[in-house]
Amino acid sequence: MKEKLNIIVTGVGGQGVITAATLLGKTAVASNVNVLVSEVHGMAQRGGVVDCTVRMGNVHSPLLTRGSADVILSSEPVEALRQLDKVNDETVVITDVNPVIPSTVAVTGEKYPKIEEVFKELKKHCKLVTLDAHALAEQAGSVLTKNVVLLGALSALDILPFPKDLLLDTIIKSFPEKYASVNKKAFELGREAVLSQREA
Amino acid sequence: MEIVEAKTGKKILLLGNEAITRGALEAGVDFATTYPGTPSSEIADTFSAVAKYLKKEGKDVPFYFEYSTNEKVALEVAAAASFSGLRALTCMKHVGLNVASDAFMTYMYVGCKGGHVIVTADDPSCHSSQNEQDNRYYALFGSAPMLEPSTPQEAKDMTVKAFDLSEKLKLPFLLRTTTRVSHVRGPVKIKDSRKPKGKGFFEKDPMLVTIPEVARKRHPVLIKKMEDALKLSENSEFNIVIGKSDSEIGVVASGVSVLHALEALDILGLEADVLKLGFTNPLPKEMCKNFLRKHKTVVVVEELEPIIENQLKEIAFDAGINDVKIYGKTSGHFSRLYEYNPDIVVEQFAKIFNLKNPLPDTKENPLSLPSRPPVMCPGCPHRASYYAMKKVVPKDVVYPTDIGCYTLGKAPPLEVADVLLCMGSNAGIANGLSKATDQKIISFMGDSTFFHAALPAIVDAVHHNHDCVITVLDNRTTAMTGHQPHPGTSFDGMGNPAKALLVEDVVRGLGVEHVEVVDPKNLKETSEAFKRALEFKGPSVVVSKSPCILLELHDKKERGEPLDIYQIDQDACKRCNICISRFGCPAFYFAEDKSVHINEELCNGCGVCVQVCPFNAIKKVKEVTL
């Protein structure tokens, strides 16, 4: 692995963002890799933005500097773009394609940009990978596994300092046994979605 | 449950707050008390979860834990345990220490017996707070020794050490974190736990009764204890110099700023010695003096107030060290505002040392992105209360509000929050406005806030006959901080049954003559209750009672009850848009053609919107199992 790995996990409150970041942190600890996971709680729970940083390897601060993200893992397109300041040309942005329209759009008339515009901007600045994580989670058996789909997608990039099976093992062990097969399927579907795009 | 079951020597991933709880368990804590508040809540929630887990496993719970009525009570309850020789921990958010400060200041005079760790979790940038006060001043103010961790591992190590040192000095210890310490996860190495004592014994001692004669004797004792604390600080393993570069540059930092500074030095490739301070009150004066002597330039990196910086200048002045240049806040480089990050530290280091800032320029977002503020959940009973109230009261009513989810009523379209200071302030401000103006006043608070801090203000309203409506939005929990119990719930933090106090009984007991209890999901009934309360001359209380929708969903799931899902009958809808423009439930949205729909994934099935729609266009369309 690189000396340092900087990941931002982002999305909207309720999408399992903090859980996904924590699972990465747990797997890092299980493989004896130094890790710091930072999150902001509180008001963010009520439909607000949730972003977490996951830093692995030879790092000091839990926060990462402008342009230093290796990966942005986002469960919402606009939230991926909100992290633009953290990307560089080499950054891989993995995002779900499904927008979550904030209530401000209906109530105060703010505009949600066109999805194509969002992706166009991201492509200008970094490497973009999109997937319909929502549909894949549904296919796996529960929309709640969207974060696991995204972790599967992340595992396909081959930059994590631990084998993908260890990440999957951590995920499965972190939830009641009855969800094991759904989580496994979600993970594999997410991974497959990225691998197939790479081949294409 | 890994935090209890993990074997000695194993590394596990813990949140800074969880690490504090684990540290307390390893130190054999007997007593833990709190009032919840972000970013401190998970410390206490972990005690609560551990207690419930052990009970479920049929094991003894080796400590007593409670969510106290407020932070002052929490501190007093735990101080009593310490007076009885037990180890105690009290945790709270920064502003909680304001509430506890009356007890705190004199507690330092009296001192403790069993080790007592008081955790204050500060919130630079006000992520979820009404101010960003720097509680390190409380350490100076009250003469409390203080430790400041940078990482989860340190949070645990310092907690364990703080118990030992507190017992040694017979002085409570402050453990001060910030959001970026409390809410950072990192690897933590598990160690053995000391066995708690269980029960203590209170030995009578006239020195515990702080009448003036005693207080005058205790103050010099406190000063002497802090002199002993200074010796401990000089030799503390938490105060260290990182790097042996013999550089002329020195950096002094504490807490998470240490990490940002180390990161910034790496990024700039700058050689410097870093004085990492963990035992920060009293500051290790000799150590600081030597550090100042060895370096020509010293940069102090600390969030919020220039507390270390000012003390370093004092140390330099007293020691006659004139040839060191100290940079920090007074030099204009570092701000007294908000939390820091590595970018800020890189930028200021680059300025001070005339280096090129290697970080890329800020990328302006070319598209304007919609804001995503936190909102009251779909189905939140507060929205129903606010909507029903606003329907019938005059437009110019003033709405004092309070600390909790219902503060989110500030946002459009409800806009029912006009003034807020602190926990419980809604009622006191309502009282004052009712006398200072001729305006109509309706104030709002939650049930937990009511018990926490509003009772004296309601007594004031009754005694002086203040003409205002005080509303308790009773959602049967402390929702915003994570659904902790409070004196109105029928169970406590350890999962035991508890006596539930009814808000309406309490206010009647306080002498409020006009008390209305309503279910906000019945909009008509609620509107009328507010109308009557407003007409009543003198103080009136409306208790708007309906459980937090998140609790309700949880209970429905447990009971296997389905969730009703609603949708708009497009033929019946006249597009008056009241459901969005006045009610504002986030489950409603406009489609491209401006027709209104309900997002079925967001709808929590409260059904209140059925009463909101004047054209009966909102209908139950299905039931889903949770």
# chains A, B, ... in the order shown; residues from 1 in each chain; ligands from 1
>>> select_by_dssp(residues="chain A", states="alpha helix (DSSP H)", output="VMD selection string")
chain A and resid 17 to 30 77 to 81 103 to 108 115 to 125 133 to 140 146 to 155 164 to 173 180 to 199
>>> residues_around(residues="region 13-21 of chain A", least_positions_apart="5", cutoff="6 Å", atoms="only C-alpha atoms", output="list in words")
Gln45, Gly47, Gly48, Val50 and Asn147 of chain A
>>> residues_around(residues="region 87-89 of chain A", least_positions_apart="3", cutoff="12 Å", atoms="only C-alpha atoms", output="PyMOL selection string")
(chain A and resi 6-8+64-73+80-84+92-93+121-128) or (chain B and resi 359-365)
>>> closest_residue(among="B:Phe47, B:Thr33, B:Val184, B:Ala457", to="Val119 (chain B)", atoms="only C-alpha atoms")
B:Thr33
>>> select_by_dssp(residues="region 9-161 of chain A", states="strand (DSSP E or B)", output="number ranges by chain")
A: 9-12, 35-39, 49-57, 71-74, 92-96, 127-131
>>> residues_around(residues="Asp564 (chain B)", least_positions_apart="3", cutoff="9 Å", atoms="only C-alpha atoms", output="JSON list (two decimals) with C-alpha atoms, in the first residue's frame")
[["chain", "number", "residue", "atom", "x", "y", "z"],
["B", 603, "CYS", "CA", -42.68, 8.88, 5.19],
["B", 604, "ASN", "CA", -42.83, 7.60, 8.75],
["B", 605, "GLY", "CA", -46.59, 7.18, 8.67],
["B", 606, "CYS", "CA", -47.64, 9.65, 11.36],
["B", 607, "GLY", "CA", -50.70, 10.63, 9.31],
["B", 620, "LYS", "CA", -53.36, 6.02, 3.34],
["B", 621, "VAL", "CA", -52.28, 3.84, 0.43],
["B", 622, "LYS", "CA", -50.58, 0.87, 2.05],
["B", 623, "GLU", "CA", -49.03, -0.72, 5.07],
["B", 624, "VAL", "CA", -45.44, -1.82, 5.18]]
>>> atom_distance(atom1="CA of Asn616 (chain B)", atom2="CA of Cys573 (chain B)")
8.0 Å
>>> closest_residue(among="B:Ala411, B:Leu367, B:Met108, B:Ile240", to="Lys120 (chain A)", atoms="only C-alpha atoms")
B:Leu367
>>> interface_residues(of="chain A", to="chain B", cutoff="8 Å", atoms="only C-alpha atoms", output="VMD selection string")
chain A and resid 22 25 to 26 29 to 30 34 to 49 59 to 67 78 81 to 82 84 to 85 102 to 108 110 to 113 118 121
>>> closest_residue(among="A:Val33, A:Ala140, A:Val9, A:Asp96", to="Cys52 (chain A)", atoms="only C-alpha atoms")
A:Val9
>>> residues_around(residues="Phe141 (chain B)", least_positions_apart="5", cutoff="10 Å", atoms="only C-alpha atoms", output="PDB file with N, CA, C and O atoms, in the first residue's frame")
ATOM      1  N   MET B 105     -16.564  24.657  41.658  1.00  0.00           N
ATOM      2  CA  MET B 105     -15.606  25.614  42.229  1.00  0.00           C
ATOM      3  C   MET B 105     -15.295  25.307  43.699  1.00  0.00           C
ATOM      4  O   MET B 105     -14.145  25.390  44.129  1.00  0.00           O
ATOM      5  N   ASN B 135     -13.086  25.471  27.841  1.00  0.00           N
ATOM      6  CA  ASN B 135     -13.192  25.074  29.254  1.00  0.00           C
ATOM      7  C   ASN B 135     -11.847  24.886  29.940  1.00  0.00           C
ATOM      8  O   ASN B 135     -11.817  24.596  31.134  1.00  0.00           O
ATOM      9  N   ARG B 136     -10.763  25.078  29.209  1.00  0.00           N
ATOM     10  CA  ARG B 136      -9.469  25.055  29.908  1.00  0.00           C
ATOM     11  C   ARG B 136      -9.434  26.192  30.921  1.00  0.00           C
ATOM     12  O   ARG B 136      -8.711  26.123  31.914  1.00  0.00           O
TER      13      ARG B 136
END
>>> residues_around(residues="Asp134 (chain B)", least_positions_apart="2", cutoff="9 Å", atoms="only C-alpha atoms", output="number ranges by chain")
B: 94, 122-124, 132, 136-138, 303-305
>>> atom_distance(atom1="CA of Glu513 (chain B)", atom2="CA of Cys548 (chain B)")
27.5 Å
>>> atom_distance(atom1="CA of Ser84 (chain B)", atom2="CA of Lys231 (chain B)")
27.2 Å
